[in-house]
Amino acid sequence: MTFKETFNRRELYVLYIIIVLVLMQLFIALLTNGFALSADEAMWHYIGRTWFRNGLVPYAGGVDNKSPLIFAVFGLSDKLFGVNYWFPRVFGTLCQTIGIFYLYKIAKQMSGWRAGVLAISFYGLSVLWHGADGRYVSYTETYEVMFTILSFYFFISANRKKGFVISGFLAAIGFGFRLSAFFSIAALVVVSLRKKRTGTIAFCLGLLSGILFLALIGVIAGINLREVYVYAFADNFGAGSTTDHGLVWRMVQFYNMFFYSEVILFYPLVLIYLFIKKRVDWLVLWLIFVFVGINVVGNYARVDLKDLLPAMSLAGAFAVAHLINQYNISIKQVMLIIWICFSSKLVEPLVNFQRLFTGEFQKAENFCHEPYIQPDESASRQLGWWVKANTTTRQKVFVAGYGTQVQAYSERISPTIYFCATQTAIAKERFFRDMKQDKPEMILVPLFPEYKLYIDADLRLYIDQLVAKDYYLAQCMFNYNVYKIRR
């Protein structure tokens with residue numbers, strides 16, 4: 001067999017692996033959550049829709065602590081296909097696949113073809129894990145990690161200043177999607193300082209150019225940059241924020257993420273890599289900085305683990321490739337073991353696949369009697385459709401609590417930018433003001449116990465007083481009391 005035939009055969013082998021990984025990702029992503037938007041996806045879809053349909057830019061039409069870039073993805077989805085859950089997940093799968101391919105290129109460049117094949121197997125399988133919320137490929141982590149991988153690739157491949165500038169620019173785009181990219185960027189800065197000062201300057205120039213580019217696009221789009229700072233960063237600390245958790249809660253979540261999930265499969269491989277290298281190189285720095293970042297943020301959401309998987313996958317690939325070369329082990333046998341051990345469980349998508357033929361199992365007649373269960377994504381979608389059918393396009397609707405899916409599928413605008421419960425001091429003040437100035441046509445109040453468990457008493461009391469004064473109880477739907485305004 002000639003070199004050219006061997007090369008073509010190897011590249012086809014890589015292509016086949018990537019195709020299989022893409023099909024597995026789509027199977028998991030498209031056959032979960034009752035074929036509906038998740039709570040977070042619904043939030044971003046609502047903000048993106050009010051932006052693209054109604055001209056209400058992010059933070060003026062709706063608030064979440066995310067970047068306008070993710071709202072634009074969902075706004076585009078709504079513009080092209082209306083309210084749907086599949087486009088953001090298919091698009092996210094495409095972006096994730098780009099990350100997989102460039103991780104292969106990094107591993108191949110650093111340690112050869114075998115390491116590349118091992119890297120895409122480790123990474124492509126691990127991003128599907130339940131412990132990394134593999135079904136949520138449409139989340140911000142997917143885009144942040146893709147741009148981070150691209151940034152590392154161009155950084156490692158750079159022979160001239162241009163490569164470092166491109167690396168910095170791509171890192172800035174990743175940072176634009178998710179602020180936690182800061183820790184990967186910090187690792188690259190440290191690595192660049194170890195190499196050449198000119199590389200550091202070029203990387204920082206590219207980074208600054210990328211940030212200025214995003215800021216310019218935001219200003220042109222009419223987004224208030226001060227509001228980006230407040231809502232996407234400053235208001236995420238302190239009482240009622242997403243980081244407002246005690247030490248015990250953090251310790252439990254830390255344990256669940258790092259010791260009660262599939263990520264433990266990487267630990268022996270990382271230790272082997274450390275033993276082989278016997279020094280802190282660029283990959284170890286990447287691991288350390290991202291690990292520190294996850295703990296600094298301290299939310300320990302399962303999707304946060306995706307920040308750590310590229311570096312772990314590379315470490316595992318380099319370690320196993322070294323063992324294969326050292327002890328002449330069959331790569332086919334190694335690949336078989338990896339795919340058996342690292343493959344995710346497919347129970348949920350297989351169960352949901354049956355619903356394509358059996359239809360909805362959460363129907364309206366199964367609700368509005370004790371015990372009041374919280375409706376799942378499918379039932380929330382049905383309730384949203386019911387609200388849409390029973391209101392006009394100009395009438396505003398408010399869903400108390402965490403009813404983002406109902407709000408999104410209703411295709412109605414909320415009277416307040418805080419259409420999903422946010423319980424910081426700034427949020428509450430704005431919420432009370434918005435609701436006072438612009439009373440909605442319809443208010444939906446949950447009956448299930450989670451509403452009282454997770455929503456502060458002052459917010460619940462305000463809603464109760466409002467509906468008692470200005471609204472009448474029309475009916476109950478999917479364990480929500482539906483109140484309509486008195487005319």
# chains A, B, ... in the order shown; residues from 1 in each chain; ligands from 1
>>> residues_around(residues="Tyr418 (chain A)", least_positions_apart="3", cutoff="9 Å", atoms="only C-alpha atoms", output="JSON, numbers by chain")
{"A": [61, 62, 63, 64, 414, 415, 421, 422, 427, 428, 430, 431, 434]}
>>> residues_around(residues="region 91-108 of chain A", least_positions_apart="3", cutoff="7 Å", atoms="only C-alpha atoms", output="PyMOL selection string")
chain A and resi 22+25+87-88+111-113+115-117+119-120+123-124+137-138+142-143+146+149-150+153+314
>>> write_last_selection(atoms="N, CA, C and O atoms", output="mmCIF file, in the first residue's frame")
data_model
loop_
_atom_site.group_PDB
_atom_site.id
_atom_site.type_symbol
_atom_site.label_atom_id
_atom_site.label_comp_id
_atom_site.auth_asym_id
_atom_site.auth_seq_id
_atom_site.Cartn_x
_atom_site.Cartn_y
_atom_site.Cartn_z
ATOM 1 N N VAL A 22 -21.522 12.711 14.960
ATOM 2 C CA VAL A 22 -22.571 13.689 14.621
ATOM 3 C C VAL A 22 -23.942 13.040 14.710
ATOM 4 O O VAL A 22 -24.884 13.622 15.280
ATOM 5 N N GLN A 25 -24.886 12.574 18.298
ATOM 6 C CA GLN A 25 -25.254 13.843 18.924
ATOM 7 C C GLN A 25 -26.661 14.267 18.511
ATOM 8 O O GLN A 25 -27.458 14.701 19.345
ATOM 9 N N PHE A 87 -33.509 23.646 15.196
ATOM 10 C CA PHE A 87 -32.461 24.389 14.493
ATOM 11 C C PHE A 87 -31.283 24.751 15.400
ATOM 12 O O PHE A 87 -30.119 24.540 15.017
ATOM 13 N N PRO A 88 -31.510 25.310 16.615
ATOM 14 C CA PRO A 88 -30.360 25.629 17.468
ATOM 15 C C PRO A 88 -29.529 24.399 17.823
ATOM 16 O O PRO A 88 -28.302 24.511 17.975
ATOM 17 N N SER A 111 1.248 14.995 18.117
ATOM 18 C CA SER A 111 1.660 13.624 18.446
ATOM 19 C C SER A 111 1.314 12.594 17.381
ATOM 20 O O SER A 111 1.445 11.409 17.638
ATOM 21 N N GLY A 112 0.850 13.004 16.227
ATOM 22 C CA GLY A 112 0.611 12.050 15.160
ATOM 23 C C GLY A 112 -0.842 11.647 14.990
ATOM 24 O O GLY A 112 -1.727 12.010 15.762
ATOM 25 N N TRP A 113 -1.086 10.874 13.934
ATOM 26 C CA TRP A 113 -2.441 10.486 13.533
ATOM 27 C C TRP A 113 -3.165 9.700 14.616
ATOM 28 O O TRP A 113 -4.358 9.910 14.860
ATOM 29 N N ALA A 115 -2.879 9.795 17.845
ATOM 30 C CA ALA A 115 -3.337 10.702 18.904
ATOM 31 C C ALA A 115 -4.552 11.488 18.444
ATOM 32 O O ALA A 115 -5.478 11.738 19.220
ATOM 33 N N GLY A 116 -4.568 11.865 17.170
ATOM 34 C CA GLY A 116 -5.715 12.592 16.643
ATOM 35 C C GLY A 116 -6.992 11.775 16.681
ATOM 36 O O GLY A 116 -8.055 12.269 17.087
ATOM 37 N N VAL A 117 -6.907 10.521 16.262
ATOM 38 C CA VAL A 117 -8.073 9.628 16.284
ATOM 39 C C VAL A 117 -8.547 9.401 17.718
ATOM 40 O O VAL A 117 -9.751 9.395 17.995
ATOM 41 N N ALA A 119 -8.094 11.439 20.237
ATOM 42 C CA ALA A 119 -8.620 12.704 20.775
ATOM 43 C C ALA A 119 -10.074 12.920 20.366
ATOM 44 O O ALA A 119 -10.910 13.287 21.195
ATOM 45 N N ILE A 120 -10.393 12.690 19.082
ATOM 46 C CA ILE A 120 -11.781 12.913 18.661
ATOM 47 C C ILE A 120 -12.709 11.861 19.256
ATOM 48 O O ILE A 120 -13.899 12.137 19.474
ATOM 49 N N TYR A 123 -13.132 13.073 23.007
ATOM 50 C CA TYR A 123 -13.907 14.311 23.093
ATOM 51 C C TYR A 123 -15.313 14.136 22.515
ATOM 52 O O TYR A 123 -16.307 14.550 23.130
ATOM 53 N N GLY A 124 -15.403 13.521 21.351
ATOM 54 C CA GLY A 124 -16.700 13.357 20.706
ATOM 55 C C GLY A 124 -17.675 12.527 21.503
ATOM 56 O O GLY A 124 -18.896 12.763 21.460
ATOM 57 N N VAL A 137 -26.729 20.750 23.296
ATOM 58 C CA VAL A 137 -25.644 21.181 22.418
ATOM 59 C C VAL A 137 -25.852 22.613 21.934
ATOM 60 O O VAL A 137 -24.949 23.221 21.367
ATOM 61 N N SER A 138 -27.026 23.171 22.178
ATOM 62 C CA SER A 138 -27.332 24.545 21.739
ATOM 63 C C SER A 138 -26.926 25.597 22.762
ATOM 64 O O SER A 138 -27.134 26.785 22.535
ATOM 65 N N THR A 142 -21.073 25.359 24.015
ATOM 66 C CA THR A 142 -20.693 24.779 22.728
ATOM 67 C C THR A 142 -19.914 25.776 21.885
ATOM 68 O O THR A 142 -18.858 25.454 21.323
ATOM 69 N N TYR A 143 -20.398 26.993 21.803
ATOM 70 C CA TYR A 143 -19.764 28.012 20.973
ATOM 71 C C TYR A 143 -18.467 28.509 21.613
ATOM 72 O O TYR A 143 -17.456 28.711 20.927
ATOM 73 N N MET A 146 -15.857 25.760 21.135
ATOM 74 C CA MET A 146 -15.412 25.682 19.739
ATOM 75 C C MET A 146 -14.385 26.769 19.437
ATOM 76 O O MET A 146 -13.310 26.492 18.867
ATOM 77 N N ILE A 149 -11.055 26.053 21.192
ATOM 78 C CA ILE A 149 -10.266 25.037 20.492
ATOM 79 C C ILE A 149 -9.594 25.643 19.259
ATOM 80 O O ILE A 149 -8.407 25.412 19.002
ATOM 81 N N LEU A 150 -10.358 26.430 18.490
ATOM 82 C CA LEU A 150 -9.785 27.093 17.319
ATOM 83 C C LEU A 150 -8.646 28.024 17.719
ATOM 84 O O LEU A 150 -7.609 28.093 17.048
ATOM 85 N N TYR A 153 -5.616 25.994 18.494
ATOM 86 C CA TYR A 153 -5.035 25.437 17.267
ATOM 87 C C TYR A 153 -4.172 26.473 16.559
ATOM 88 O O TYR A 153 -3.026 26.193 16.181
ATOM 89 N N LEU A 314 -7.349 15.713 25.046
ATOM 90 C CA LEU A 314 -5.999 15.758 24.488
ATOM 91 C C LEU A 314 -5.001 15.047 25.393
ATOM 92 O O LEU A 314 -4.144 14.287 24.913
#
>>> closest_residue(among="A:Pro449, A:Gly298, A:Gly384, A:Gly403", to="Asn236 (chain A)", atoms="only C-alpha atoms")
A:Gly298
>>> residues_around(residues="Ile288 (chain A)", least_positions_apart="6", cutoff="12 Å", atoms="only C-alpha atoms", output="PyMOL selection string")
chain A and resi 183-184+186-188+190+270+280-282+294-295+307-308+311-312
>>> closest_residue(among="A:Ala202, A:Met251, A:Val263, A:Leu269", to="Tyr300 (chain A)", atoms="only C-alpha atoms")
A:Met251
>>> residues_around(residues="Val334 (chain A)", least_positions_apart="3", cutoff="9 Å", atoms="only C-alpha atoms", output="CSV table (one decimal) with C-alpha atoms, in the first residue's frame")
chain,number,residue,atom,x,y,z
A,118,LEU,CA,-8.0,9.0,20.0
A,320,VAL,CA,-2.8,6.5,25.3
A,324,ILE,CA,0.4,2.3,22.1
A,329,ILE,CA,-0.6,-2.2,21.4
A,330,SER,CA,-3.3,-2.7,18.8
A,331,ILE,CA,-5.1,0.6,18.2
A,337,ILE,CA,-12.4,-0.2,24.7
A,338,ILE,CA,-12.7,3.6,24.5
A,339,TRP,CA,-16.0,3.4,22.6
